[in-house]
Every structure is written in C-alpha cells, then in structure tokens.
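Next up, structure-v5.cif (mmCIF, C-alpha atoms):
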data_final
#
loop_
_atom_site.label_atom_id
_atom_site.label_comp_id
_atom_site.auth_asym_id
_atom_site.auth_seq_id
_atom_site.Cartn_x
_atom_site.Cartn_y
_atom_site.Cartn_z
CA MET A 1 17.29 35.33 -9.68
CA ARG A 2 18.72 31.99 -8.63
CA HIS A 3 17.27 30.19 -11.64
CA HIS A 4 18.60 32.55 -14.36
CA LEU A 5 21.78 30.61 -15.12
CA ILE A 6 22.66 32.52 -18.31
CA LEU A 7 22.21 35.92 -16.64
CA ARG A 8 24.41 34.89 -13.74
CA ILE A 9 27.23 33.52 -15.92
CA ILE A 10 27.17 36.54 -18.24
CA THR A 11 27.12 38.89 -15.26
CA LYS A 12 30.15 37.18 -13.75
CA LEU A 13 31.98 37.55 -17.04
CA LEU A 14 31.00 41.20 -17.46
CA ILE A 15 31.67 42.69 -14.02
CA GLY A 16 35.46 42.48 -14.28
CA PRO A 17 35.68 44.20 -17.67
CA ILE A 18 33.17 46.87 -16.56
CA LEU A 19 35.27 47.75 -13.50
CA LEU A 20 38.43 47.70 -15.62
CA PHE A 21 36.77 50.02 -18.13
CA ALA A 22 35.82 52.36 -15.30
CA LEU A 23 39.48 52.52 -14.23
CA TYR A 24 40.50 53.12 -17.86
CA VAL A 25 38.00 55.97 -18.22
CA GLN A 26 39.30 57.40 -14.94
CA PHE A 27 43.03 57.25 -15.49
CA HIS A 28 43.07 57.70 -19.25
CA GLY A 29 40.75 60.69 -18.95
CA GLU A 30 43.52 63.20 -19.58
CA ILE A 31 43.95 61.82 -23.10
CA SER A 32 40.67 60.17 -24.09
CA PRO A 33 37.10 61.23 -23.30
CA GLY A 34 35.95 60.61 -19.78
CA GLY A 35 36.83 61.49 -16.24
CA GLY A 36 35.79 60.99 -12.67
CA PHE A 37 32.07 61.34 -13.18
CA GLN A 38 31.87 58.87 -16.07
CA ALA A 39 34.18 56.40 -14.34
CA GLY A 40 32.15 56.69 -11.15
CA VAL A 41 28.84 55.85 -12.77
CA ILE A 42 30.39 52.97 -14.73
CA ALA A 43 31.92 51.48 -11.58
CA ALA A 44 28.62 51.93 -9.74
CA ALA A 45 26.81 50.24 -12.64
CA ALA A 46 29.04 47.17 -12.18
CA ILE A 47 28.16 46.91 -8.48
CA ILE A 48 24.47 47.54 -9.19
CA LEU A 49 24.49 44.81 -11.86
CA TYR A 50 25.97 42.44 -9.31
CA GLY A 51 23.30 43.41 -6.80
CA LEU A 52 20.51 42.97 -9.35
CA VAL A 53 21.54 39.47 -10.39
CA PHE A 54 22.97 37.99 -7.18
CA GLY A 55 20.81 39.84 -4.68
CA LEU A 56 21.28 42.80 -2.40
CA GLU A 57 22.80 40.71 0.41
CA ALA A 58 25.58 39.45 -1.86
CA ALA A 59 26.30 42.98 -3.08
CA GLU A 60 26.42 44.30 0.49
CA ARG A 61 28.77 41.48 1.48
CA ALA A 62 31.09 42.41 -1.39
CA VAL A 63 30.80 46.18 -0.90
CA PRO A 64 29.49 46.96 2.60
CA ALA A 65 27.32 50.02 2.96
CA SER A 66 29.46 51.42 5.76
CA PHE A 67 32.49 51.23 3.46
CA VAL A 68 30.55 53.04 0.72
CA HIS A 69 29.56 55.73 3.23
CA GLY A 70 33.24 56.32 3.96
CA ILE A 71 34.12 56.47 0.26
CA MET A 72 31.33 58.97 -0.41
CA VAL A 73 32.52 61.34 2.30
CA SER A 74 36.21 60.91 1.50
CA GLY A 75 35.59 61.91 -2.14
CA VAL A 76 34.31 65.33 -1.14
CA LEU A 77 37.09 65.63 1.45
CA ILE A 78 39.79 64.82 -1.13
CA TYR A 79 38.41 67.44 -3.52
CA VAL A 80 37.97 70.17 -0.92
CA GLY A 81 41.22 69.15 0.78
CA THR A 82 43.11 69.73 -2.46
CA GLY A 83 41.68 73.23 -2.56
CA VAL A 84 42.43 73.95 1.10
CA TYR A 85 45.97 72.62 0.73
CA SER A 86 46.59 74.96 -2.17
CA ILE A 87 45.50 77.84 0.09
CA ALA A 88 47.75 76.56 2.87
CA VAL A 89 50.84 76.62 0.67
CA GLY A 90 50.14 80.18 -0.41
CA GLY A 91 47.90 80.06 -3.46
CA GLN A 92 44.22 80.50 -4.11
CA PHE A 93 41.53 77.88 -3.59
CA LEU A 94 42.04 74.99 -6.07
CA ASP A 95 45.11 76.70 -7.53
CA TYR A 96 46.94 73.54 -8.58
CA ASP A 97 50.09 75.44 -9.56
CA GLN A 98 50.93 75.62 -5.84
CA LEU A 99 51.02 71.83 -5.45
CA ASP A 100 54.44 71.77 -7.12
CA PRO A 101 55.90 75.29 -6.94
CA HIS A 102 58.95 74.45 -9.05
CA TYR A 103 57.00 72.87 -11.94
CA PRO A 104 53.49 74.37 -12.06
CA VAL A 105 52.55 72.01 -14.89
CA HIS A 106 53.26 69.02 -12.65
CA GLY A 107 51.17 70.68 -9.97
CA GLN A 108 48.32 70.94 -12.45
CA HIS A 109 48.63 67.25 -13.31
CA LEU A 110 48.68 66.26 -9.65
CA GLY A 111 45.74 68.49 -8.82
CA ILE A 112 43.63 67.18 -11.70
CA ILE A 113 44.36 63.56 -10.74
CA LEU A 114 43.43 64.27 -7.10
CA VAL A 115 40.17 66.04 -7.79
CA GLU A 116 39.15 63.44 -10.38
CA ILE A 117 39.69 60.73 -7.75
CA GLY A 118 37.48 62.77 -5.43
CA VAL A 119 34.78 62.94 -8.11
CA LEU A 120 35.10 59.19 -8.77
CA PHE A 121 34.72 58.30 -5.08
CA THR A 122 31.72 60.50 -4.42
CA VAL A 123 29.82 59.71 -7.62
CA ALA A 124 30.33 55.93 -7.48
CA ALA A 125 29.53 55.72 -3.77
CA THR A 126 26.42 57.90 -4.05
CA MET A 127 25.01 55.84 -6.93
CA ILE A 128 25.64 52.57 -5.05
CA LEU A 129 24.09 53.93 -1.86
CA ILE A 130 20.98 55.17 -3.64
CA PHE A 131 20.63 51.72 -5.20
CA TYR A 132 21.03 50.05 -1.79
CA ALA A 133 18.43 52.38 -0.31
CA PHE A 134 15.88 51.72 -3.06
CA ALA A 135 16.50 47.98 -3.39
CA GLY A 136 16.43 47.44 0.37
CA ARG A 137 12.84 48.54 0.77
CA PRO A 138 10.24 45.80 1.29
CA THR A 139 8.29 45.25 -1.90
CA PRO A 140 4.48 45.16 -1.86
CA ILE A 141 4.47 43.61 -5.36
CA GLY A 142 5.37 39.94 -5.53
CA GLU A 143 7.91 38.71 -8.05
CA GLU A 144 5.28 36.74 -9.99
CA GLU A 145 3.12 39.79 -10.65
CA TRP A 146 5.57 41.23 -13.16
CA MET B 1 28.28 62.02 -40.07
CA SER B 2 25.52 60.98 -42.40
CA PRO B 3 22.25 62.88 -41.96
CA TRP B 4 20.44 59.55 -42.35
CA LEU B 5 21.85 58.40 -39.05
CA ASP B 6 20.50 61.50 -37.34
CA PHE B 7 17.16 60.93 -39.05
CA VAL B 8 16.95 57.31 -37.91
CA LEU B 9 18.00 58.11 -34.33
CA PHE B 10 15.56 61.01 -34.02
CA SER B 11 12.76 58.85 -35.47
CA ILE B 12 13.43 56.19 -32.84
CA LEU B 13 13.46 58.90 -30.17
CA ALA B 14 10.12 60.30 -31.33
CA ALA B 15 8.56 56.83 -31.56
CA THR B 16 9.81 56.00 -28.05
CA ALA B 17 8.40 59.25 -26.67
CA VAL B 18 5.00 58.53 -28.25
CA GLY B 19 5.14 55.03 -26.80
CA VAL B 20 5.85 56.40 -23.32
CA VAL B 21 2.85 58.72 -23.61
CA MET B 22 0.46 56.09 -24.97
CA LEU B 23 1.33 53.10 -22.78
CA ARG B 24 -0.40 52.50 -19.46
CA HIS B 25 1.80 49.60 -18.33
CA LEU B 26 4.40 51.30 -16.13
CA PHE B 27 7.00 48.53 -16.45
CA ALA B 28 6.98 49.05 -20.23
CA VAL B 29 7.19 52.81 -19.71
CA VAL B 30 10.30 52.44 -17.53
CA MET B 31 11.92 50.17 -20.12
CA LEU B 32 11.10 52.64 -22.90
CA GLY B 33 12.68 55.33 -20.77
CA GLY B 34 15.88 53.29 -20.79
CA VAL B 35 15.63 52.91 -24.57
CA PHE B 36 15.16 56.67 -24.89
CA SER B 37 18.33 57.32 -22.91
CA LEU B 38 20.30 54.77 -24.91
CA VAL B 39 19.26 56.33 -28.24
CA THR B 40 20.08 59.77 -26.80
CA ALA B 41 23.54 58.43 -25.94
CA GLY B 42 23.87 57.34 -29.57
CA LEU B 43 22.95 60.87 -30.68
CA PHE B 44 25.62 62.31 -28.39
CA VAL B 45 28.18 60.03 -30.01
CA VAL B 46 27.07 61.28 -33.43
CA LEU B 47 27.49 64.84 -32.12
CA ASP B 48 31.12 64.02 -31.09
CA ALA B 49 30.34 64.27 -27.38
CA PRO B 50 31.47 60.88 -26.05
CA ASP B 51 31.83 62.22 -22.48
CA VAL B 52 28.16 63.04 -22.35
CA ALA B 53 27.31 59.79 -24.13
CA PHE B 54 29.13 57.79 -21.44
CA THR B 55 27.19 59.54 -18.73
CA GLU B 56 23.86 59.27 -20.51
CA ALA B 57 24.30 55.56 -21.20
CA ALA B 58 25.43 54.71 -17.68
CA VAL B 59 23.14 57.02 -15.70
CA GLY B 60 20.14 57.40 -18.00
CA ALA B 61 19.87 53.93 -19.47
CA GLY B 62 21.39 52.02 -16.58
CA ILE B 63 21.10 53.42 -13.09
CA THR B 64 17.96 55.53 -13.58
CA THR B 65 16.12 52.55 -15.05
CA VAL B 66 17.10 50.40 -12.08
CA LEU B 67 16.01 53.10 -9.62
CA LEU B 68 12.69 53.59 -11.42
CA LEU B 69 12.11 49.83 -11.26
CA GLY B 70 12.83 50.02 -7.54
CA ALA B 71 10.30 52.82 -7.22
CA LEU B 72 7.84 50.82 -9.33
CA THR B 73 7.78 48.00 -6.79
CA LEU B 74 6.29 50.49 -4.32
CA THR B 75 3.32 51.38 -6.50
CA THR B 76 0.91 49.73 -8.91
CA ARG B 77 1.90 48.31 -12.26
CA ARG B 78 -0.69 50.20 -14.28
CA GLU B 79 -1.21 53.90 -14.64
CA LYS B 80 -4.71 55.01 -13.70
CA PRO B 81 -6.74 56.30 -16.66
CA ALA B 82 -6.96 60.08 -16.85
CA THR B 83 -10.13 61.48 -15.34
CA SER B 84 -10.13 64.88 -17.07
CA GLY B 85 -10.02 65.74 -20.76
CA ILE B 86 -6.84 66.17 -22.78
CA ALA B 87 -7.72 69.62 -24.20
CA ILE B 88 -5.88 71.78 -21.63
CA PRO B 89 -2.71 69.63 -21.36
CA LEU B 90 -2.52 69.36 -25.14
CA THR B 91 -2.86 73.14 -25.54
CA VAL B 92 -0.14 73.78 -22.96
CA CYS B 93 2.19 71.28 -24.65
CA VAL B 94 1.61 72.68 -28.13
CA ILE B 95 2.14 76.28 -26.99
CA THR B 96 5.31 75.34 -25.09
CA GLY B 97 6.61 73.37 -28.06
CA LEU B 98 5.96 76.25 -30.46
CA ALA B 99 7.68 78.66 -28.07
CA LEU B 100 10.73 76.39 -27.91
CA ILE B 101 10.87 76.06 -31.69
CA TYR B 102 10.56 79.85 -31.99
CA GLY B 103 13.42 80.15 -29.51
CA THR B 104 15.71 77.95 -31.62
CA LEU B 105 15.32 80.30 -34.59
CA ASP B 106 17.73 82.76 -32.96
CA LEU B 107 20.34 80.12 -32.12
CA PRO B 108 23.49 79.95 -34.25
CA HIS B 109 23.59 77.02 -36.65
CA PHE B 110 25.11 73.79 -35.40
CA GLY B 111 28.90 73.88 -35.59
CA THR B 112 29.17 77.56 -36.54
CA PRO B 113 32.71 78.66 -35.61
CA ASP B 114 31.67 82.27 -34.85
CA ALA B 115 28.91 81.31 -32.41
CA PRO B 116 29.13 83.45 -29.24
CA ILE B 117 30.25 80.50 -27.09
CA HIS B 118 33.32 79.98 -29.27
CA LEU B 119 34.41 83.63 -29.17
CA HIS B 120 34.77 84.28 -25.44
CA LEU B 121 37.15 82.35 -23.12
CA ALA B 122 37.16 79.17 -25.23
CA PRO B 123 39.95 80.40 -27.55
CA GLU B 124 41.99 81.50 -24.52
CA PHE B 125 41.57 78.08 -22.94
CA LEU B 126 42.71 76.44 -26.17
CA VAL B 127 45.79 78.67 -26.39
CA VAL B 128 46.95 78.69 -22.77
CA ARG B 129 46.15 75.04 -21.99
CA GLU B 130 49.33 73.77 -23.65
CA PRO B 131 51.88 75.68 -21.53
CA GLU B 132 49.73 75.87 -18.40
CA ILE B 133 48.29 72.39 -18.02
CA ASP B 134 49.76 70.27 -20.81
CA ILE B 135 47.23 67.48 -21.05
CA PRO B 136 45.71 66.59 -24.41
CA ASN B 137 42.04 66.40 -23.37
CA ILE B 138 40.77 69.97 -23.31
CA VAL B 139 37.51 68.88 -21.66
CA THR B 140 39.34 67.43 -18.67
CA ALA B 141 41.57 70.49 -18.45
CA VAL B 142 38.60 72.86 -18.43
CA LEU B 143 36.44 70.81 -16.07
CA ALA B 144 39.07 69.91 -13.51
CA SER B 145 41.29 72.98 -13.56
CA TYR B 146 39.80 76.13 -15.11
CA ARG B 147 36.34 75.26 -13.83
CA GLY B 148 37.51 73.35 -10.77
CA PHE B 149 35.30 75.31 -8.41
CA ASP B 150 32.26 74.58 -10.59
CA THR B 151 33.07 70.86 -10.62
CA MET B 152 33.45 70.93 -6.86
CA GLY B 153 29.91 72.29 -6.69
CA GLU B 154 28.69 69.38 -8.82
CA VAL B 155 30.41 66.85 -6.56
CA VAL B 156 28.83 68.43 -3.51
CA VAL B 157 25.43 68.37 -5.24
CA VAL B 158 25.79 64.62 -5.90
CA PHE B 159 26.94 64.13 -2.31
CA THR B 160 23.97 66.10 -0.98
CA ALA B 161 21.56 64.10 -3.13
CA GLY B 162 22.98 60.88 -1.74
CA ILE B 163 22.69 62.12 1.83
CA GLY B 164 19.10 63.20 1.16
CA VAL B 165 18.08 59.82 -0.23
CA ILE B 166 19.72 57.97 2.65
CA LEU B 167 18.00 60.16 5.21
CA LEU B 168 14.63 59.89 3.49
CA ILE B 169 14.34 56.19 2.67
CA GLY B 170 16.66 54.53 5.06
CA GLN B 171 20.23 53.84 5.98
CA HIS B 172 20.64 50.81 3.77
CA GLY B 173 18.70 47.77 2.79
CA VAL B 174 20.10 44.79 4.62
CA GLY B 175 19.67 46.09 8.15
CA ARG B 176 16.06 46.93 7.46
CA ARG B 177 15.41 43.58 5.80
CA SER B 178 17.14 41.57 8.50
CA ARG B 179 15.00 43.28 11.14
CA LYS B 180 11.95 42.32 9.11
CA GLU B 181 13.18 38.74 8.87
CA GLU B 182 13.80 38.70 12.60
CA ALA B 183 10.23 39.83 13.16
CA GLU B 184 9.01 37.06 10.87
CA ASP B 185 11.17 34.52 12.69
CA GLU B 186 9.69 35.61 16.01
CA GLU B 187 6.16 35.28 14.67
CA SER B 188 6.60 31.83 13.20
CA PRO B 189 7.33 29.13 15.81
CA SER B 190 10.71 27.53 15.30
CA PRO B 191 10.59 23.81 14.55
#
Please express what this file holds, its structure, as structure tokens.
Amino acid sequence: MRHHLILRIITKLLIGPILLFALYVQFHGEISPGGGFQAGVIAAAAIILYGLVFGLEAAERAVPASFVHGIMVSGVLIYVGTGVYSIAVGGQFLDYDQLDPHYPVHGQHLGIILVEIGVLFTVAATMILIFYAFAGRPTPIGEEEW
Amino acid sequence: MSPWLDFVLFSILAATAVGVVMLRHLFAVVMLGGVFSLVTAGLFVVLDAPDVAFTEAAVGAGITTVLLLGALTLTTRREKPATSGIAIPLTVCVITGLALIYGTLDLPHFGTPDAPIHLHLAPEFLVVREPEIDIPNIVTAVLASYRGFDTMGEVVVVFTAGIGVILLIGQHGVGRRSRKEEAEDEESPSP
C-alpha cells in the first residue's frame, strides 16, 4: 500500500492512541468496563493495522514473531503461576487472599492485576500470531484482481 | 434507551444478513460480515454491555474481517452458484427459526429482576464483593477472582487456538516469504 498516502498518515496517527487506549482498558478495568481480553484484542488490532498498511515485513520488524511467541507463552505461565504460587503459600489454586496474608483485599487486587496481565499477553500475542500466519501465506490472487 | 434505536439497529442487522445471503461476491460478503459485527457491538452498547461491545468491535469487526480477507486470498472471489434447490435448506432454516422463537417464549422478560440468573449467586457476589475484593467493577471481580478458574480455561483455549493455527499454516510469514524470494532470486539470473 505504498501509494495510499492518506491511509498511511492516518494509520500513523491512530496507532499510538489505539495502544494507549488498550493500556487504559487494561489498567482502568477495575473501575470502568474492560479487562485483559478487551485490552489484548485492541492492542493486537493496532499491530494488525500497522501490518495491513505498512506490510508484514515492517510489522515483523517492529514486533518480531519470536518475541510474540514468548509473550503468548508467558501470559499463560503468569496466570497459572499465580495459581500455583497461591497453593505454594498455603491456599487453594487461584486463591488470591494468600498473596498478601495480612491484607487479603490487597492480595485480591494483586492477584486480579496479575491474571489480567496474563490474559492481555496471551490474547494479544495469539491474535498477532494468527494474523502473521494468515498474512504470510503466498497469495494466488493478484492485488489488481480485487 | 429509546426503542427506536433498537428498531433501527435490528433493521440494519436484518438487512445485512439478507445481503450476506444474497451476494455472491465474497469480498462484499466479508465486508458485510464486518458491518454485522459493528452493528452488533452497537446493540451491546444499547444493552449496557460495553465489555462485550469492546470485544465484538475489536474481534468481530476488526480482526475476524482481516483474517477472512486473508483466507479469501487463498480462494476465488466469487461463490459458486448452488447446484441443488433451495427447498430443503429453506425448510430446515424455517423449522430451526420457529423452534428458537418457541424457545424464547419461556425466557424471562428482558431486565426482569426475579429472573433465575439474578436469584442465585449473583446477589451474594454483589454483597460480599465490597469487603472481599473492594474494586468497583463487579464484572472484573467476578471474572478474575470468583470465576478465576473459568477465565484461566478461556486463556488456555485462546492459547491452544493460537498454537493450532501456527502448527497448521506455518510458523510465521516472513521466513516463508523470504525462502520464496530466495528461490525466485536463484531462478532469475543476477545482473
């Protein structure tokens, strides 16, 4: 899409606010609607938009696939690790009260923040990877045939 | 919210669905699918479910449309005309639709406070959330804490889906493409 000047300028202007909005949805999720899943798909949408307009190579230079692989796995590990840690300190699986035995409410806050980060990582990374996988396939249809 | 808004949104939904069924040009069908998701997201906002609206707008209208376009490049642009008659599919659709409408007759009315879902567990969550978790958004509290195990299952499902796609259609794009370009470079004599 080298020749679509307007699309490229608008995309450049939009990607920052989209990523910022994803972070807002993530970290303001305890007060306003939203959470890890919503923030993850919004962040992934920003990267996918970048890949659509500037090409897959540019997107993979900005966000390498190997890095996204690591993020995808670490999301699940953070979530499950929170649960395992709460077993290790004497509670039940995903019992956030155990994260801060003196102030269970703080433990709940910490646990929710941790698992939401896990959800964010896995969802965003999976969406980006699926896009990379689809967009990276050779296309039998030429661009003019649309 | 005004019933007119619901009426307009549902009319657009129905028109979009008819368009998807009638059109043969698959690019237009994919775009209408995105429109359908976007209008659905609007309906979710009207129903006071902004969480779901976020997800529907980003996944349904955004990412799914992009993925369907990616899939479309692997096939033809036009749907083949149907070879058999429409009598049997139409009958199946009508019967299924009537059964679904019949099923909704037993559902509680929209927003009824004494609907079964509001009588069990939900009041307890609303009462104990304040001292136990102390965050204002009840949805986050339920999803991340009371139903934390359930949410973990969802995360693992997303993870598994990603792994499946990567295993099925390739590690990632650039490596595959660069190999193809290398092959092309080898074929064409360098100047």
**Report entry** Residue among A:Ser74, A:Gln108, A:Gln92, A:Thr82 lying closest to chain B, counting only C-alpha atoms
**Finding:**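 Closest candidate: A:Gln108.
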Query - Atomic separation - atom CA of A:Phe27 relative to atom CA of A:Leu99, Å - result: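 Computing the Euclidean distance for atom CA of A:Leu99 and atom CA of A:Phe27 yields 19.4 Å.
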Query raised in the report: atom CA of A:Ile15 and atom CA of A:Ala46, how far apart in Å?
Result: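 About the pair atom CA of A:Ala46 and atom CA of A:Ile15: they are 5.5 Å apart.
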Against chain B, which residues of chain A fall within 6 Å? For each one I want the closest pair of atoms and the distance in Å (one decimal), counting only C-alpha atoms, rows by chain and increasing residue number, as a Markdown table.
| residue | atom | partner | partner_atom | distance |
| --- | --- | --- | --- | --- |
| A:Glu30 | CA | B:Asn137 | CA | 5.2 |
| A:Ile31 | CA | B:Asn137 | CA | 5.0 |
| A:Pro33 | CA | B:Asp51 | CA | 5.4 |
| A:Gly34 | CA | B:Asp51 | CA | 5.2 |
| A:Gln38 | CA | B:Thr55 | CA | 5.4 |
| A:Val105 | CA | B:Ile133 | CA | 5.3 |
| A:Gln108 | CA | B:Ile133 | CA | 5.8 |
| A:Ile112 | CA | B:Ala144 | CA | 5.6 |
| A:Thr126 | CA | B:Gly162 | CA | 5.1 |
| A:Tyr132 | CA | B:Gly173 | CA | 5.6 |
| A:Ala133 | CA | B:His172 | CA | 4.9 |
| A:Phe134 | CA | B:Gly70 | CA | 5.7 |
| A:Ala135 | CA | B:Gly70 | CA | 5.9 |
| A:Gly136 | CA | B:Gly173 | CA | 3.3 |
| A:Thr139 | CA | B:Thr73 | CA | 5.6 |
| A:Ile141 | CA | B:Thr73 | CA | 5.7 |
Query raised in the report: To one decimal place, how far is atom CA of B:Asp6 from atom CA of B:Leu43 in Å?
Result: 7.1 Å
Requested in this report: Please work out which residues fall within 10 Å of (27.1, 47.2, -10.3), coordinates as given in the file, with all atoms listed in the file counting, and return them as a ChimeraX atom specification.
Outcome: /A:11,15,18-19,41-53,59,124,127-128,131 /B:62-63
Write the selection just made, keeping C-alpha atoms, as a short mmCIF file (atom, residue, chain, number, x, y, z; two decimals), keeping the file's coordinate frame?
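The resulting selection.cif:
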data_model
loop_
_atom_site.label_atom_id
_atom_site.label_comp_id
_atom_site.auth_asym_id
_atom_site.auth_seq_id
_atom_site.Cartn_x
_atom_site.Cartn_y
_atom_site.Cartn_z
CA THR A 11 27.12 38.89 -15.26
CA ILE A 15 31.67 42.69 -14.02
CA ILE A 18 33.17 46.87 -16.56
CA LEU A 19 35.27 47.75 -13.50
CA VAL A 41 28.84 55.85 -12.77
CA ILE A 42 30.39 52.97 -14.73
CA ALA A 43 31.92 51.48 -11.58
CA ALA A 44 28.62 51.93 -9.74
CA ALA A 45 26.81 50.24 -12.64
CA ALA A 46 29.04 47.17 -12.18
CA ILE A 47 28.16 46.91 -8.48
CA ILE A 48 24.47 47.54 -9.19
CA LEU A 49 24.49 44.81 -11.86
CA TYR A 50 25.97 42.44 -9.31
CA GLY A 51 23.30 43.41 -6.80
CA LEU A 52 20.51 42.97 -9.35
CA VAL A 53 21.54 39.47 -10.39
CA ALA A 59 26.30 42.98 -3.08
CA ALA A 124 30.33 55.93 -7.48
CA MET A 127 25.01 55.84 -6.93
CA ILE A 128 25.64 52.57 -5.05
CA PHE A 131 20.63 51.72 -5.20
CA GLY B 62 21.39 52.02 -16.58
CA ILE B 63 21.10 53.42 -13.09
#
**Report entry** Selection: 10 Å around A:Leu23, all atoms listed in the file, excl. self and same-chain fewer than 6 positions, as a list of chain:residue names
**Finding:**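 Counting all atoms listed in the file, the residues come to A:Pro17, A:Gly29, A:Gly35, A:Gly36, A:Ala39, A:Gly40, A:Ile42, A:Ala43, A:Leu120.
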Query raised in the report: Just so the selection is clear, what residues does the PyMOL selection byres ((chain B and resi 10-16) around 8) cover here, as a PyMOL selection string?
Result: chain B and resi 6-9+17-20+32-33+35-36+39-40
Query raised in the report: So which one's closest to A:Val73, A:Pro138, A:Tyr96, A:Glu57, A:Leu129? Using only C-alpha atoms, please.
Result: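 Closest residue, counting only C-alpha atoms: A:Leu129.
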